[in-house]
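Visitor: Questions regarding the structure given below will be posed in turn.
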Amino acid sequence: MKLVETTGLITKEIKYGDTSRIITIITPDLGKISAITNKSKSGKGKNFSSLQLFSYYKFVLFKGSEKGLYHINEADIIESFKPIRDDLMAIIYASYFSDVANSISVENVDRTDFLRLILNIFYALSKGGDYDKIKTVFEWKTAFLEGYTPDVEKCSGCGLDSICFFDLGKGECFCKDCGKAYAGTAQVNRDIVEGIRYIRDAEFSKMLSFELNPKAIEYMNSLSEIYLKMHLEHEFKTLEYLKKMK
């Protein structure tokens with residue numbers, strides 16, 4: 001197979017034998033791929049032991065067979081996101097985001113938009129700030145990119161634009177009167193609805209540029225967590241660990 005050039009974010013690594021690792025990379029054009037990094041015990045050959053988890057690289061890859069692993073021929077760092085690896089809580093959040101990325105990505109499926117999302121999220125993580133805000137933006141935006149965009153424009157029952165209840169399972173919202181007929185809906189106010197709308201419509205570089213009070217962010221964060229988990233139908237061990245560590 002000919003050499004392939006791409007960029008990608010390393011989202012997982014596991015030890016493979018004494019001298020090798022298998023790394024998971026989210027790329028824009030190849031989707032999620034696995035690549036082996038190795039160095040012979042004699043010291044011959046290329047050494048990619050410095051490849052870092054949660055870092056973004058330009059890669060030159062090759063694959064010996066259609067079903068085999070990629071091998072790394074060249075790797076040049078684009079962005080290391082080093083501050084993430086220097087902060088325990090940032091590592092925990094990045095691990096959860098990477099877990100989500102790995103669960104929704106497959107090989108040979110375009111991940112251009114999602115890669116842009118997670119790179120912006122990792123940039124925000126590396127700068128510190130409100131981790132819960134970063135998390136809720138990531139969860140909502142991921143849900144939208146995966147096709148699970150709720151109708152937060154009007155009541156799904158009568159069409160009024162006064163929204164008071166949110167059905168997380170169906171992705172529908174209801175006014176005060178219509179919502180009474182639906183058990184299990186979450187109460188929402190105008191700030192929460194406007195926040196969800198903003199994240200939905202914002203460019204990746206501006207998706208964190210909104211202001212809500214800490215209590216609203218906390219509640220919005222709890223909604224996005226449930227919403228994403230319900231629609232992806234996946235339990236994330238990294239999320240449970242994050243909640244224990246907060």
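Here, A, B, ... name the chains of the structure tokens in the order displayed, residue numbers run from 1 inside each chain, and ligands are numbered from 1 in the same displayed order.
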Quick one: pick out all strand (DSSP E) residues within region 104-199 of chain A from a backbone DSSP run and write them as a PyMOL selection string.
Guide: chain A and resi 165-167+172-174+186-187
Visitor: Store the residues picked out above in a file with C-alpha atoms, as a PDB file, in the first residue's frame.
Guide:
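And here is the file that came out, selection03.pdb:
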ATOM      1  CA  PHE A 165     -40.168  21.101  29.561  1.00  0.00           C
ATOM      2  CA  PHE A 166     -37.648  18.978  27.644  1.00  0.00           C
ATOM      3  CA  ASP A 167     -38.183  15.303  26.754  1.00  0.00           C
ATOM      4  CA  GLU A 172     -38.808  17.423  22.031  1.00  0.00           C
ATOM      5  CA  CYS A 173     -39.762  20.458  24.079  1.00  0.00           C
ATOM      6  CA  PHE A 174     -43.115  21.529  25.476  1.00  0.00           C
ATOM      7  CA  ALA A 186     -36.988  17.822  32.522  1.00  0.00           C
ATOM      8  CA  GLN A 187     -37.862  21.370  33.458  1.00  0.00           C
TER       9      GLN A 187
END
Visitor: Residues at most 9 Å from Asn73 (chain A), counting only C-alpha atoms, excluding those fewer than 3 positions away in the same chain, as a list in words?
Guide: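 The filter keeps Leu3, Lys46, Phe59, Val60, Leu61 and Phe62 of chain A.
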Visitor: Need to verify the contact set: Ser224 (chain A), 8 Å, only C-alpha atoms, exclusion of same-chain residues closer than 2 positions in sequence. Can you return it as a PyMOL selection string?
Guide: chain A and resi 136+139-140+220-222+226-228
Visitor: Excluding region 237-240 of chain A and its own-chain neighbours fewer than 4 positions away, which residues fall within 7 Å of it when counting only C-alpha atoms? Please give them as a PyMOL selection string.
Guide: chain A and resi 95-96+244
Visitor: Could you make a table, as JSON lines, of the residues of region 102-185 of chain A that have an atom within 8 Å of an atom of region 194-217 of chain A, each with its nearest atom pair and distance in Å to one decimal, counting only C-alpha atoms, in chain and number order?
Guide:
{"residue": "A:Arg116", "atom": "CA", "partner": "A:Phe204", "partner_atom": "CA", "distance": 7.1}
{"residue": "A:Leu117", "atom": "CA", "partner": "A:Phe204", "partner_atom": "CA", "distance": 6.0}
{"residue": "A:Asn120", "atom": "CA", "partner": "A:Ser205", "partner_atom": "CA", "distance": 6.6}
{"residue": "A:Asp132", "atom": "CA", "partner": "A:Ile217", "partner_atom": "CA", "distance": 7.1}
{"residue": "A:Lys133", "atom": "CA", "partner": "A:Ile217", "partner_atom": "CA", "distance": 6.1}
{"residue": "A:Ile134", "atom": "CA", "partner": "A:Leu208", "partner_atom": "CA", "distance": 7.1}
{"residue": "A:Thr136", "atom": "CA", "partner": "A:Ile217", "partner_atom": "CA", "distance": 7.8}
{"residue": "A:Val137", "atom": "CA", "partner": "A:Ile199", "partner_atom": "CA", "distance": 6.5}
{"residue": "A:Trp140", "atom": "CA", "partner": "A:Ile199", "partner_atom": "CA", "distance": 7.1}
{"residue": "A:Lys141", "atom": "CA", "partner": "A:Arg200", "partner_atom": "CA", "distance": 6.4}
{"residue": "A:Phe144", "atom": "CA", "partner": "A:Arg200", "partner_atom": "CA", "distance": 6.9}
{"residue": "A:Val152", "atom": "CA", "partner": "A:Arg197", "partner_atom": "CA", "distance": 7.0}
Visitor: Excluding region 79-82 of chain A and residues on its chain fewer than 6 positions from it, collect all residues at most 8 Å away from it, counting only C-alpha atoms, and give them as a list in words.
Guide: Gln52, Phe54, Ser55, Tyr56, Tyr57, Phe122, Tyr123 and Ser126 of chain A
Visitor: Looking at only C-alpha atoms, which of A:Arg190, A:Lys246, A:Lys180, A:His234 is the one that sits closest to Asp161 (chain A)?
Guide: A:Arg190
Visitor: Smallest atom-to-atom distance to Arg111 (chain A): which of A:Glu146, A:Asp191, A:Asp86, A:Asp29, using only C-alpha atoms?
Guide: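 Closest to Arg111 (chain A) of all the choices is A:Asp29.
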Visitor: Excluding Ile14 (chain A) and its own-chain neighbours fewer than 4 positions away, which residues fall within 7 Å of it when counting only C-alpha atoms? Please give them as an NGL selection string.
Guide: :A and (21-23)
Visitor: Ranking A:Gly68, A:Gly171, A:Pro150, A:Gly128 by minimum distance to Pro83 (chain A) and counting only C-alpha atoms, which one comes first?
Guide: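 Comparing A:Gly68, A:Gly171, A:Pro150, A:Gly128 against Pro83 (chain A), the winner is A:Gly128.
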Visitor: Compare A:Val188, A:Ala75, A:Ile104, A:Leu168 by their minimum atom-to-atom distance to Tyr219 (chain A), counting only C-alpha atoms, and give me the closest one.
Guide: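 When distances to Tyr219 (chain A) are compared using only C-alpha atoms, the smallest one comes from A:Val188.
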Visitor: Have a look at A:Val106, A:Ile121, A:Met230, A:Ile163 and name the one nearest to Tyr93 (chain A); count only C-alpha atoms.
Guide: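 Among the listed residues, the smallest separation from Tyr93 (chain A) belongs to A:Ile121.
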Visitor: Using backbone DSSP assignments, extract all helix (DSSP H, G or I) residues from region 45-226 of chain A; output them as a ChimeraX atom specification.
Guide: /A:82-85,88-104,112-126,131-145,176-179,190-201,204-206,214-226
Visitor: Return the single residue from A:Ala124, A:Ile77, A:Ile26, A:Ile33 that is closest to Ser50 (chain A), with distances computed using only C-alpha atoms.
Guide: A:Ile77
